[in-house]
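*Asks:* File run_25.cif follows (mmCIF, C-alpha atoms and all ligand atoms):
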```
data_work
#
loop_
_atom_site.group_PDB
_atom_site.id
_atom_site.type_symbol
_atom_site.label_atom_id
_atom_site.label_comp_id
_atom_site.auth_asym_id
_atom_site.auth_seq_id
_atom_site.Cartn_x
_atom_site.Cartn_y
_atom_site.Cartn_z
ATOM 1 C CA MET A 820 24.462 140.167 -47.595
ATOM 2 C CA LYS A 821 25.962 137.124 -45.956
ATOM 3 C CA THR A 822 29.666 136.404 -46.526
ATOM 4 C CA GLN A 823 30.757 132.801 -46.369
ATOM 5 C CA THR A 824 34.125 131.148 -46.940
ATOM 6 C CA LEU A 825 33.521 128.071 -49.093
ATOM 7 C CA LEU A 826 36.933 126.632 -48.512
ATOM 8 C CA SER A 827 40.127 127.800 -46.857
ATOM 9 C CA ARG A 828 43.572 126.239 -47.173
ATOM 10 C CA ALA A 829 46.937 127.465 -45.933
ATOM 11 C CA SER A 830 49.372 128.498 -48.645
ATOM 12 C CA PRO A 831 53.127 127.810 -48.407
ATOM 13 C CA LEU A 832 53.708 131.318 -47.012
ATOM 14 C CA GLY A 833 50.908 131.088 -44.501
ATOM 15 C CA ALA A 834 48.360 133.497 -45.990
ATOM 16 C CA PRO A 835 45.172 131.446 -46.477
ATOM 17 C CA LEU A 836 43.632 130.697 -49.865
ATOM 18 C CA ASN A 837 39.965 131.518 -49.398
ATOM 19 C CA ILE A 838 37.089 131.097 -51.820
ATOM 20 C CA VAL A 839 34.399 133.558 -50.784
ATOM 21 C CA LYS A 840 30.682 133.383 -51.544
ATOM 22 C CA GLN A 841 28.269 136.282 -51.059
ATOM 23 C CA THR A 842 24.607 135.459 -50.504
ATOM 24 C CA PHE A 843 21.489 137.595 -50.752
ATOM 25 C CA PRO A 844 18.654 135.594 -49.188
ATOM 26 C CA ALA A 845 14.947 135.870 -49.969
ATOM 27 C CA HIS A 846 13.242 138.524 -47.859
ATOM 28 C CA ARG A 847 10.666 136.171 -46.478
ATOM 29 C CA GLY A 848 9.946 132.437 -46.697
ATOM 30 C CA LYS A 849 11.210 129.940 -49.239
ATOM 31 C CA PRO A 850 13.083 131.490 -52.208
ATOM 32 C CA VAL A 851 11.202 131.251 -55.523
ATOM 33 C CA GLN A 852 14.516 130.353 -57.152
ATOM 34 C CA ARG A 853 18.197 130.233 -56.198
ATOM 35 C CA VAL A 854 20.547 131.729 -58.791
ATOM 36 C CA SER A 855 24.348 131.497 -58.543
ATOM 37 C CA PHE A 856 27.013 133.473 -60.396
ATOM 38 C CA VAL A 857 30.577 132.199 -60.512
ATOM 39 C CA SER A 858 33.640 133.768 -62.118
ATOM 40 C CA GLY A 859 37.399 133.523 -62.072
ATOM 41 C CA LEU A 860 37.669 129.760 -62.547
ATOM 42 C CA HIS A 861 40.445 130.747 -64.956
ATOM 43 C CA GLY A 862 42.899 133.142 -63.339
ATOM 44 C CA ASP A 863 43.585 135.225 -66.460
ATOM 45 C CA GLU A 864 39.911 136.178 -66.932
ATOM 46 C CA PHE A 865 38.848 139.316 -65.088
ATOM 47 C CA GLU A 866 35.681 140.413 -66.941
ATOM 48 C CA GLY A 867 33.580 138.178 -64.678
ATOM 49 C CA LEU A 868 35.085 139.605 -61.498
ATOM 50 C CA TYR A 869 34.042 143.075 -62.570
ATOM 51 C CA LEU A 870 30.572 141.804 -63.485
ATOM 52 C CA CYS A 871 30.265 140.184 -60.028
ATOM 53 C CA HIS A 872 31.347 143.453 -58.438
ATOM 54 C CA ARG A 873 28.572 145.298 -60.309
ATOM 55 C CA LEU A 874 26.013 142.688 -59.235
ATOM 56 C CA ILE A 875 27.067 142.694 -55.571
ATOM 57 C CA GLN A 876 27.012 146.492 -55.484
ATOM 58 C CA ALA A 877 23.531 146.733 -57.060
ATOM 59 C CA LEU A 878 22.003 143.875 -55.050
ATOM 60 C CA ARG A 879 23.392 145.251 -51.784
ATOM 61 C CA GLN A 880 21.783 148.590 -52.522
ATOM 62 C CA ILE A 881 18.414 146.952 -53.256
ATOM 63 C CA GLN A 882 18.693 144.932 -50.050
ATOM 64 C CA GLU A 883 19.404 148.068 -48.020
ATOM 65 C CA THR A 884 16.585 150.135 -49.511
ATOM 66 C CA GLN A 885 13.877 147.655 -50.632
ATOM 67 C CA PRO A 886 14.585 144.253 -49.068
ATOM 68 C CA GLU A 887 11.072 143.021 -49.967
ATOM 69 C CA VAL A 888 12.156 142.962 -53.646
ATOM 70 C CA PHE A 889 14.157 139.759 -52.961
ATOM 71 C CA LYS A 890 11.738 136.895 -53.672
ATOM 72 C CA GLY A 891 14.543 134.512 -54.464
ATOM 73 C CA GLU A 892 18.127 133.908 -53.388
ATOM 74 C CA VAL A 893 21.327 135.021 -55.150
ATOM 75 C CA HIS A 894 24.780 133.533 -54.578
ATOM 76 C CA ILE A 895 27.925 135.099 -56.027
ATOM 77 C CA VAL A 896 31.396 133.501 -56.090
ATOM 78 C CA PRO A 897 33.456 136.269 -57.746
ATOM 79 C CA ALA A 898 36.947 134.774 -57.479
ATOM 80 C CA ALA A 899 36.772 130.996 -57.716
ATOM 81 C CA ASN A 900 40.501 130.441 -58.279
ATOM 82 C CA PRO A 901 42.419 132.863 -55.991
ATOM 83 C CA PRO A 902 45.998 131.603 -56.544
ATOM 84 C CA ALA A 903 45.670 131.754 -60.336
ATOM 85 C CA LEU A 904 43.915 135.157 -60.212
ATOM 86 C CA ASN A 905 46.721 136.528 -58.036
ATOM 87 C CA GLN A 906 49.211 135.589 -60.744
ATOM 88 C CA GLY A 907 46.977 136.309 -63.742
ATOM 89 C CA THR A 908 47.432 132.787 -65.095
ATOM 90 C CA ARG A 909 44.704 130.571 -66.536
ATOM 91 C CA LEU A 910 45.946 127.529 -64.614
ATOM 92 C CA TRP A 911 46.372 126.899 -60.920
ATOM 93 C CA PRO A 912 50.059 127.757 -60.256
ATOM 94 C CA PHE A 913 52.501 125.031 -59.237
ATOM 95 C CA TYR A 914 50.140 122.173 -60.184
ATOM 96 C CA GLY A 915 49.374 123.618 -63.636
ATOM 97 C CA SER A 916 45.763 122.489 -63.185
ATOM 98 C CA ASP A 917 42.760 123.822 -65.081
ATOM 99 C CA ILE A 918 40.066 123.661 -62.408
ATOM 100 C CA ASN A 919 37.363 123.973 -65.063
ATOM 101 C CA ARG A 920 38.605 120.670 -66.485
ATOM 102 C CA MET A 921 38.212 118.715 -63.255
ATOM 103 C CA MET A 922 34.553 119.325 -62.433
ATOM 104 C CA GLY A 923 32.156 116.453 -61.842
ATOM 105 C CA PRO A 924 33.622 113.060 -61.018
ATOM 106 C CA HIS A 925 37.395 113.543 -60.878
ATOM 107 C CA PRO A 926 40.088 111.462 -59.159
ATOM 108 C CA GLY A 927 42.792 112.813 -56.875
ATOM 109 C CA ALA A 928 43.141 114.825 -53.695
ATOM 110 C CA SER A 929 45.425 117.736 -54.594
ATOM 111 C CA ILE A 930 44.337 121.206 -53.425
ATOM 112 C CA PRO A 931 43.044 122.170 -56.913
ATOM 113 C CA VAL A 932 40.942 118.967 -56.975
ATOM 114 C CA GLN A 933 39.606 119.681 -53.470
ATOM 115 C CA MET A 934 38.747 123.242 -54.425
ATOM 116 C CA SER A 935 37.027 122.333 -57.704
ATOM 117 C CA ARG A 936 35.059 119.619 -55.871
ATOM 118 C CA GLU A 937 33.971 122.069 -53.183
ATOM 119 C CA ILE A 938 32.883 124.703 -55.739
ATOM 120 C CA PHE A 939 31.000 122.099 -57.750
ATOM 121 C CA ASN A 940 29.225 120.508 -54.772
ATOM 122 C CA ASN A 941 28.360 123.834 -53.234
ATOM 123 C CA LEU A 942 26.848 125.189 -56.464
ATOM 124 C CA LYS A 943 25.007 121.900 -57.016
ATOM 125 C CA GLU A 944 23.406 122.027 -53.583
ATOM 126 C CA SER A 945 22.580 125.720 -53.462
ATOM 127 C CA SER A 946 21.445 126.558 -57.027
ATOM 128 C CA ASP A 947 18.464 126.144 -59.335
ATOM 129 C CA LEU A 948 20.231 128.151 -62.045
ATOM 130 C CA VAL A 949 23.948 128.948 -62.484
ATOM 131 C CA VAL A 950 25.766 131.542 -64.605
ATOM 132 C CA ASP A 951 29.463 130.733 -65.168
ATOM 133 C CA ILE A 952 31.323 133.786 -66.481
ATOM 134 C CA HIS A 953 34.458 133.474 -68.603
ATOM 135 C CA ALA A 954 36.546 135.815 -70.708
ATOM 136 C CA SER A 955 38.300 134.916 -73.905
ATOM 137 C CA ASN A 956 42.035 134.205 -73.948
ATOM 138 C CA LEU A 957 44.807 136.703 -74.733
ATOM 139 C CA HIS A 958 44.647 135.944 -78.443
ATOM 140 C CA LEU A 959 41.020 136.653 -79.301
ATOM 141 C CA LYS A 960 38.475 139.271 -78.346
ATOM 142 C CA GLU A 961 34.836 138.212 -78.173
ATOM 143 C CA LEU A 962 31.546 140.090 -78.113
ATOM 144 C CA PRO A 963 29.481 139.155 -75.027
ATOM 145 C CA GLN A 964 27.997 135.762 -75.817
ATOM 146 C CA ILE A 965 26.411 132.725 -74.247
ATOM 147 C CA ARG A 966 27.593 129.366 -75.514
ATOM 148 C CA ILE A 967 25.243 126.404 -75.295
ATOM 149 C CA ILE A 968 26.011 122.767 -76.047
ATOM 150 C CA GLU A 969 23.317 121.490 -78.457
ATOM 151 C CA GLU A 970 21.881 118.834 -76.137
ATOM 152 C CA PHE A 971 20.954 121.487 -73.528
ATOM 153 C CA SER A 972 19.583 124.087 -75.945
ATOM 154 C CA GLU A 973 15.877 123.449 -75.340
ATOM 155 C CA GLU A 974 16.209 124.240 -71.658
ATOM 156 C CA LEU A 975 18.865 126.962 -71.863
ATOM 157 C CA LEU A 976 17.852 129.003 -74.903
ATOM 158 C CA PRO A 977 14.775 130.649 -73.276
ATOM 159 C CA LEU A 978 16.997 131.685 -70.341
ATOM 160 C CA ALA A 979 19.817 132.916 -72.565
ATOM 161 C CA LEU A 980 17.381 135.083 -74.525
ATOM 162 C CA GLN A 981 16.675 137.059 -71.335
ATOM 163 C CA THR A 982 20.280 138.230 -71.060
ATOM 164 C CA HIS A 983 21.965 141.115 -72.818
ATOM 165 C CA THR A 984 24.547 139.219 -74.838
ATOM 166 C CA ASP A 985 24.991 139.989 -78.521
ATOM 167 C CA ILE A 986 25.127 136.334 -79.471
ATOM 168 C CA VAL A 987 23.790 133.008 -78.249
ATOM 169 C CA TRP A 988 25.893 130.334 -79.936
ATOM 170 C CA ILE A 989 24.538 126.804 -79.946
ATOM 171 C CA HIS A 990 27.358 124.426 -80.766
ATOM 172 C CA PRO A 991 28.019 120.678 -80.823
ATOM 173 C CA MET A 992 29.411 118.761 -77.871
ATOM 174 C CA ALA A 993 33.182 118.173 -77.791
ATOM 175 C CA GLY A 994 35.278 116.042 -75.453
ATOM 176 C CA VAL A 995 36.897 119.136 -73.950
ATOM 177 C CA PHE A 996 33.587 120.108 -72.248
ATOM 178 C CA GLU A 997 33.169 116.796 -70.401
ATOM 179 C CA SER A 998 34.876 117.956 -67.230
ATOM 180 C CA THR A 999 33.633 121.562 -67.162
ATOM 181 C CA LEU A 1000 31.370 123.077 -64.547
ATOM 182 C CA GLY A 1001 28.728 123.982 -67.122
ATOM 183 C CA TYR A 1002 28.462 120.550 -68.720
ATOM 184 C CA ASN A 1003 28.328 118.659 -65.427
ATOM 185 C CA LEU A 1004 25.732 120.913 -63.799
ATOM 186 C CA ASN A 1005 23.569 120.816 -66.934
ATOM 187 C CA LYS A 1006 23.864 117.023 -66.901
ATOM 188 C CA LEU A 1007 22.429 117.110 -63.359
ATOM 189 C CA ASN A 1008 19.498 119.236 -64.626
ATOM 190 C CA ILE A 1009 20.778 122.427 -63.025
ATOM 191 C CA PRO A 1010 20.550 124.852 -65.958
ATOM 192 C CA THR A 1011 23.935 126.570 -66.353
ATOM 193 C CA LEU A 1012 24.642 129.399 -68.771
ATOM 194 C CA VAL A 1013 28.275 129.860 -69.826
ATOM 195 C CA ILE A 1014 29.278 133.400 -70.783
ATOM 196 C CA GLU A 1015 32.320 134.298 -72.893
ATOM 197 C CA THR A 1016 33.223 137.946 -73.267
ATOM 198 C CA GLY A 1017 36.078 140.333 -73.965
ATOM 199 C CA THR A 1018 39.641 139.152 -73.802
ATOM 200 C CA GLY A 1019 42.123 137.704 -71.303
ATOM 201 C CA LEU A 1020 43.749 139.917 -68.631
ATOM 202 C CA ARG A 1021 41.613 142.913 -69.647
ATOM 203 C CA ILE A 1022 38.283 144.483 -68.764
ATOM 204 C CA GLU A 1023 35.913 145.861 -71.401
ATOM 205 C CA PRO A 1024 33.680 148.118 -69.262
ATOM 206 C CA ASP A 1025 31.104 148.537 -72.019
ATOM 207 C CA PHE A 1026 30.662 144.765 -72.431
ATOM 208 C CA VAL A 1027 30.390 144.259 -68.671
ATOM 209 C CA ASP A 1028 27.862 147.070 -68.468
ATOM 210 C CA ARG A 1029 25.621 145.297 -70.967
ATOM 211 C CA LEU A 1030 26.069 141.947 -69.232
ATOM 212 C CA PHE A 1031 25.230 143.534 -65.883
ATOM 213 C CA HIS A 1032 21.932 144.833 -67.290
ATOM 214 C CA GLY A 1033 21.273 141.414 -68.814
ATOM 215 C CA MET A 1034 21.927 139.548 -65.557
ATOM 216 C CA MET A 1035 19.629 141.915 -63.649
ATOM 217 C CA ARG A 1036 16.940 141.298 -66.313
ATOM 218 C CA LEU A 1037 17.464 137.556 -65.926
ATOM 219 C CA LEU A 1038 16.991 137.793 -62.135
ATOM 220 C CA HIS A 1039 13.794 139.736 -62.700
ATOM 221 C CA HIS A 1040 12.520 137.324 -65.356
ATOM 222 C CA GLN A 1041 13.121 134.368 -63.023
ATOM 223 C CA GLY A 1042 11.134 136.081 -60.259
ATOM 224 C CA VAL A 1043 14.170 136.397 -57.968
ATOM 225 C CA LEU A 1044 13.806 140.199 -57.975
ATOM 226 C CA ALA A 1045 10.197 141.426 -57.926
ATOM 227 C CA SER A 1046 11.212 144.708 -59.575
ATOM 228 C CA LEU A 1047 14.306 146.351 -61.041
ATOM 229 C CA PRO A 1048 15.922 149.736 -60.379
ATOM 230 C CA SER A 1049 14.737 152.266 -62.989
ATOM 231 C CA ASP A 1050 18.237 152.696 -64.445
ATOM 232 C CA ILE A 1051 18.368 149.133 -65.817
ATOM 233 C CA PRO A 1052 17.482 149.485 -69.511
ATOM 234 C CA SER A 1053 15.477 146.888 -71.418
ATOM 235 C CA THR A 1054 17.549 144.432 -73.376
ATOM 236 C CA PRO A 1055 17.546 143.714 -77.102
ATOM 237 C CA ILE A 1056 17.092 140.056 -78.063
ATOM 238 C CA PRO A 1057 20.418 138.319 -78.775
ATOM 239 C CA GLN A 1058 21.166 136.858 -82.208
ATOM 240 C CA VAL A 1059 20.965 133.065 -81.984
ATOM 241 C CA VAL A 1060 23.431 131.162 -84.141
ATOM 242 C CA TYR A 1061 23.642 127.444 -84.812
ATOM 243 C CA PRO A 1062 26.812 125.636 -85.952
ATOM 244 C CA ARG A 1063 26.273 126.353 -89.663
ATOM 245 C CA GLY A 1064 25.509 129.987 -88.863
ATOM 246 C CA VAL A 1065 29.088 130.707 -87.777
ATOM 247 C CA ALA A 1066 31.732 131.316 -90.463
ATOM 248 C CA GLN A 1067 35.377 131.825 -89.666
ATOM 249 C CA THR A 1068 38.473 133.002 -91.431
ATOM 250 C CA SER A 1069 42.033 131.864 -90.722
ATOM 251 C CA ALA A 1070 45.455 133.141 -91.722
ATOM 252 C CA LYS A 1071 46.915 131.619 -94.879
ATOM 253 C CA HIS A 1072 50.409 132.865 -94.040
ATOM 254 C CA SER A 1073 52.506 133.361 -90.946
ATOM 255 C CA GLY A 1074 53.086 137.009 -90.140
ATOM 256 C CA LEU A 1075 51.624 140.005 -88.331
ATOM 257 C CA PHE A 1076 47.862 140.414 -88.424
ATOM 258 C CA VAL A 1077 46.805 144.064 -88.507
ATOM 259 C CA SER A 1078 43.065 144.447 -88.203
ATOM 260 C CA GLN A 1079 41.108 147.068 -90.130
ATOM 261 C CA ALA A 1080 37.767 146.143 -88.579
ATOM 262 C CA SER A 1081 36.218 146.486 -85.169
ATOM 263 C CA LEU A 1082 34.450 143.918 -83.101
ATOM 264 C CA GLY A 1083 30.675 144.193 -83.300
ATOM 265 C CA GLN A 1084 30.750 145.707 -86.786
ATOM 266 C CA ARG A 1085 28.521 144.318 -89.542
ATOM 267 C CA VAL A 1086 30.628 143.012 -92.418
ATOM 268 C CA GLY A 1087 29.882 141.937 -95.958
ATOM 269 C CA GLU A 1088 31.231 138.806 -97.619
ATOM 270 C CA ASP A 1089 34.769 139.379 -98.972
ATOM 271 C CA GLU A 1090 35.007 142.791 -97.299
ATOM 272 C CA ILE A 1091 38.612 143.433 -96.254
ATOM 273 C CA ILE A 1092 38.959 143.233 -92.466
ATOM 274 C CA GLY A 1093 42.748 143.292 -92.166
ATOM 275 C CA GLN A 1094 46.100 142.246 -93.560
ATOM 276 C CA VAL A 1095 48.778 139.697 -92.733
ATOM 277 C CA LEU A 1096 52.195 141.299 -93.174
ATOM 278 C CA ASP A 1097 55.795 140.183 -93.351
ATOM 279 C CA PRO A 1098 57.382 142.947 -91.267
ATOM 280 C CA VAL A 1099 60.952 141.865 -92.015
ATOM 281 C CA ARG A 1100 60.633 142.062 -95.797
ATOM 282 C CA GLY A 1101 58.056 144.855 -95.678
ATOM 283 C CA VAL A 1102 55.453 143.087 -97.804
ATOM 284 C CA VAL A 1103 51.757 142.388 -97.495
ATOM 285 C CA LEU A 1104 51.256 138.619 -97.534
ATOM 286 C CA GLU A 1105 47.480 138.623 -97.749
ATOM 287 C CA GLU A 1106 44.359 140.749 -97.518
ATOM 288 C CA VAL A 1107 42.060 139.135 -94.954
ATOM 289 C CA THR A 1108 38.401 139.143 -95.919
ATOM 290 C CA ALA A 1109 35.181 138.520 -94.006
ATOM 291 C CA PRO A 1110 33.896 134.970 -94.504
ATOM 292 C CA GLY A 1111 30.268 136.058 -94.980
ATOM 293 C CA ASN A 1112 27.602 138.708 -94.356
ATOM 294 C CA GLY A 1113 26.860 139.225 -90.689
ATOM 295 C CA LEU A 1114 28.106 140.342 -87.304
ATOM 296 C CA LEU A 1115 31.845 140.236 -86.564
ATOM 297 C CA PHE A 1116 31.818 138.688 -83.090
ATOM 298 C CA THR A 1117 35.348 137.284 -82.694
ATOM 299 C CA LEU A 1118 38.510 139.120 -83.734
ATOM 300 C CA ARG A 1119 42.172 138.227 -83.380
ATOM 301 C CA GLU A 1120 43.786 140.466 -80.745
ATOM 302 C CA GLN A 1121 47.347 139.137 -80.596
ATOM 303 C CA PRO A 1122 49.013 140.111 -83.893
ATOM 304 C CA ALA A 1123 51.625 137.352 -84.299
ATOM 305 C CA VAL A 1124 49.935 134.606 -86.331
ATOM 306 C CA HIS A 1125 50.857 131.356 -87.983
ATOM 307 C CA SER A 1126 49.310 129.866 -91.057
ATOM 308 C CA GLY A 1127 45.955 128.421 -89.931
ATOM 309 C CA THR A 1128 45.468 130.768 -86.952
ATOM 310 C CA LEU A 1129 41.862 131.839 -86.374
ATOM 311 C CA LEU A 1130 41.472 135.546 -87.207
ATOM 312 C CA ALA A 1131 37.743 136.243 -87.120
ATOM 313 C CA ARG A 1132 34.294 134.724 -86.707
ATOM 314 C CA VAL A 1133 31.098 136.080 -88.192
ATOM 315 C CA ALA A 1134 27.547 135.275 -87.064
ATOM 316 C CA LEU A 1135 25.910 134.949 -90.481
ATOM 317 C CA ASP A 1136 22.708 136.792 -91.302
ATOM 318 C CA ARG A 1137 21.577 133.691 -93.155
ATOM 319 C CA GLU A 1138 22.717 130.081 -92.717
ATOM 320 C CA PRO A 1139 24.220 128.606 -95.867
ATOM 321 C CA LYS A 1140 22.118 125.910 -97.556
ATOM 322 C CA PRO A 1141 23.350 122.374 -96.769
HETATM 323 ZN ZN ZN B 1 37.563 130.587 -68.797
#
```
Now, as a test, write the supplied structure out as C-alpha cells.
Ligand SMILES: [Zn+2]
*Replies:*
Amino acid sequence: MKTQTLLSRASPLGAPLNIVKQTFPAHRGKPVQRVSFVSGLHGDEFEGLYLCHRLIQALRQIQETQPEVFKGEVHIVPAANPPALNQGTRLWPFYGSDINRMMGPHPGASIPVQMSREIFNNLKESSDLVVDIHASNLHLKELPQIRIIEEFSEELLPLALQTHTDIVWIHPMAGVFESTLGYNLNKLNIPTLVIETGTGLRIEPDFVDRLFHGMMRLLHHQGVLASLPSDIPSTPIPQVVYPRGVAQTSAKHSGLFVSQASLGQRVGEDEIIGQVLDPVRGVVLEEVTAPGNGLLFTLREQPAVHSGTLLARVALDREPKP
C-alpha cells in the first residue's frame, strides 16, 4: 500500500490539513482498471470512513498474502474533508463551504476551493471508475442505496447492480447536482457511483458490512481483483426504482413523529408506520400510513417535524400507471 498526501495546507494553529490517499497498485504491468473510493466530502458523514477502513484492511491483507490477485489499481481517499470531519459538520468550518457543491469548473481560490479542485483533478486523472460514499443527514435514515441521475443510467446501472445495496434509485437531474463530484466526473465519462446510506454522525455497522461485500464484489466483477477471499458472500440483486416507483409520505401536522416501523421492512399501502403527536396537549394529531406496497427505505430519524416534513419513502413493488 502506498500512502500519498494529495494536498497539505497549514491550519491557523499550525497542524497541517492533509488529504491522504492510499493506493494498491496492480501486481504486474498495466492495471486492467483503476477504481477510486472517496468518502467524507461532508464532515458529518462517517459511514463512508468506516467502509474505507474495511476496504483498506481487506485489500492490505490480500496484498500481503496474495499480491498476484491485484490485476487492477485501487485508490482510497477515506477522509476528503478533514477540517469538517474533525468538527462533525457537513460544511467546511469558517468558510461554510460545501465542497461537494464546488466540483468541476468553480471560481475562487479559497482553501476549500483549492482542496475540492485537487480532489477532483486527482480522481479524474487516476480513475476509470469512482465510488463516492455519502451518508444521509441527521434527519433521515436510509437503507444502503446507489443514486443515479437518469442521463447516466445506461452506463451506471450495470455497475450498480454488482454492489450490495438494497436499492438503486434512478432519478431526474436537478440543479443541485451540477457542481457535485459525481455529476462532473460522469459528464467526463468517468463512471461514478454515488452511495447514500445510514444517517448523519452515526455508523450502522450492518449496512457498512453489506456495502463492504458489495464493493469487493464490484472490484472482482471489474477484474481489479482476480479472486475474492472466501468470506465475502455473494450479493443479492438490488431493487431498481425509477422516479414513479418511489412514493413518499409527509407530515400533515407539526409535532413529534414517533415511528412504529423499521427501516428495511416491507409495508402495505395504508399500513400505520407511526404517529405525529402534540406532546404539550397530549393528543395524537395523525396516524402516519405507508404510501404504497413495497420496501421502506427512508425513515425520519429526528422526531421534531413540521407540516410537510418528509417522514418515509417506499420503493414500490409496482409502479403506478401513468
Ligand atoms: Zn454527503
*Asks:* Name the closest residue to Met1034 of chain A among the candidates A:Gln1084, A:Gln981, A:Ser1049, A:Thr1068; distances are taken between atoms, counting all atoms listed in the file.
*Replies:*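 For Met1034 of chain A, the nearest of the candidates is A:Gln981.
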*Asks:* Let me make sure I understand: among A:Leu1044, A:Met921, A:Leu1130, A:Ala1109, which one has the smallest atom-to-atom distance to Val854 of chain A if we use all atoms listed in the file?
*Replies:*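 Using all atoms listed in the file, the shortest distance to Val854 of chain A belongs to A:Leu1044.
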*Asks:* How would you write, as a PyMOL selection string, the residues chosen by the PyMOL selection byres (((chain A and resi 873) around 12) and not hetatm) on this structure?
*Replies:* chain A and resi 856+866-872+874-880+895+897+1024+1027-1035
*Asks:* Please produce an output containing C-alpha atoms for each residue in the selection, written as a short mmCIF file (atom, residue, chain, number, x, y, z; two decimals), keeping the file's coordinate frame.
*Replies:*
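To be explicit, this is the file written out as out.cif:
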```cif
data_model
loop_
_atom_site.label_atom_id
_atom_site.label_comp_id
_atom_site.auth_asym_id
_atom_site.auth_seq_id
_atom_site.Cartn_x
_atom_site.Cartn_y
_atom_site.Cartn_z
CA PHE A 856 27.01 133.47 -60.40
CA GLU A 866 35.68 140.41 -66.94
CA GLY A 867 33.58 138.18 -64.68
CA LEU A 868 35.08 139.60 -61.50
CA TYR A 869 34.04 143.07 -62.57
CA LEU A 870 30.57 141.80 -63.48
CA CYS A 871 30.26 140.18 -60.03
CA HIS A 872 31.35 143.45 -58.44
CA LEU A 874 26.01 142.69 -59.24
CA ILE A 875 27.07 142.69 -55.57
CA GLN A 876 27.01 146.49 -55.48
CA ALA A 877 23.53 146.73 -57.06
CA LEU A 878 22.00 143.88 -55.05
CA ARG A 879 23.39 145.25 -51.78
CA GLN A 880 21.78 148.59 -52.52
CA ILE A 895 27.92 135.10 -56.03
CA PRO A 897 33.46 136.27 -57.75
CA PRO A 1024 33.68 148.12 -69.26
CA VAL A 1027 30.39 144.26 -68.67
CA ASP A 1028 27.86 147.07 -68.47
CA ARG A 1029 25.62 145.30 -70.97
CA LEU A 1030 26.07 141.95 -69.23
CA PHE A 1031 25.23 143.53 -65.88
CA HIS A 1032 21.93 144.83 -67.29
CA GLY A 1033 21.27 141.41 -68.81
CA MET A 1034 21.93 139.55 -65.56
CA MET A 1035 19.63 141.92 -63.65
#
```
*Asks:* Once the PyMOL selection byres (((chain A and resi 1091) around 8) and not hetatm) is applied to the coordinates I shared, what remains selected? I want it as a PDB file with C-alpha atoms, in the coordinates of the input.
*Replies:*
```pdb
ATOM      1  CA  GLN A1079      41.108 147.068 -90.130  1.00  0.00           C
ATOM      2  CA  ASP A1089      34.769 139.379 -98.972  1.00  0.00           C
ATOM      3  CA  GLU A1090      35.007 142.791 -97.299  1.00  0.00           C
ATOM      4  CA  ILE A1092      38.959 143.233 -92.466  1.00  0.00           C
ATOM      5  CA  GLY A1093      42.748 143.292 -92.166  1.00  0.00           C
ATOM      6  CA  GLU A1106      44.359 140.749 -97.518  1.00  0.00           C
ATOM      7  CA  VAL A1107      42.060 139.135 -94.954  1.00  0.00           C
ATOM      8  CA  THR A1108      38.401 139.143 -95.919  1.00  0.00           C
ATOM      9  CA  ALA A1109      35.181 138.520 -94.006  1.00  0.00           C
TER      10      ALA A1109
END
```
*Asks:* Under the PyMOL selection byres (((not hetatm)) within 7 of (chain B and resi 1)), which residues of this model are included? Write them out as a PDB file with C-alpha atoms, keeping the file's coordinate frame.
*Replies:*
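Printed below is out_8.pdb as written:
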```pdb
ATOM      1  CA  LEU A 860      37.669 129.760 -62.547  1.00  0.00           C
ATOM      2  CA  HIS A 861      40.445 130.747 -64.956  1.00  0.00           C
ATOM      3  CA  GLU A 864      39.911 136.178 -66.932  1.00  0.00           C
ATOM      4  CA  HIS A 953      34.458 133.474 -68.603  1.00  0.00           C
ATOM      5  CA  ALA A 954      36.546 135.815 -70.708  1.00  0.00           C
ATOM      6  CA  SER A 955      38.300 134.916 -73.905  1.00  0.00           C
TER       7      SER A 955
END
```
*Asks:* Mind rebuilding segment 820-827 of chain A with N, CA, C and O atoms and writing that out as a CSV table (one decimal), in the coordinates of the input?
*Replies:*
```csv
chain,number,residue,atom,x,y,z
A,820,MET,N,23.5,141.1,-46.9
A,820,MET,CA,24.5,140.2,-47.6
A,820,MET,C,25.2,139.3,-46.6
A,820,MET,O,25.8,139.8,-45.6
A,821,LYS,N,25.3,138.0,-46.9
A,821,LYS,CA,26.0,137.1,-46.0
A,821,LYS,C,27.3,136.7,-46.7
A,821,LYS,O,27.2,136.2,-47.8
A,822,THR,N,28.4,136.8,-45.9
A,822,THR,CA,29.7,136.4,-46.5
A,822,THR,C,30.1,135.1,-45.9
A,822,THR,O,30.1,134.9,-44.7
A,823,GLN,N,30.4,134.2,-46.8
A,823,GLN,CA,30.8,132.8,-46.4
A,823,GLN,C,32.1,132.4,-47.1
A,823,GLN,O,32.3,132.7,-48.2
A,824,THR,N,32.9,131.7,-46.3
A,824,THR,CA,34.1,131.1,-46.9
A,824,THR,C,33.8,129.7,-47.3
A,824,THR,O,33.6,128.9,-46.4
A,825,LEU,N,33.8,129.4,-48.6
A,825,LEU,CA,33.5,128.1,-49.1
A,825,LEU,C,34.6,127.1,-48.7
A,825,LEU,O,34.3,125.9,-48.3
A,826,LEU,N,35.8,127.5,-48.8
A,826,LEU,CA,36.9,126.6,-48.5
A,826,LEU,C,38.1,127.5,-48.2
A,826,LEU,O,38.4,128.5,-48.8
A,827,SER,N,38.9,127.1,-47.2
A,827,SER,CA,40.1,127.8,-46.9
A,827,SER,C,41.3,126.8,-46.7
A,827,SER,O,41.1,125.8,-46.0
```
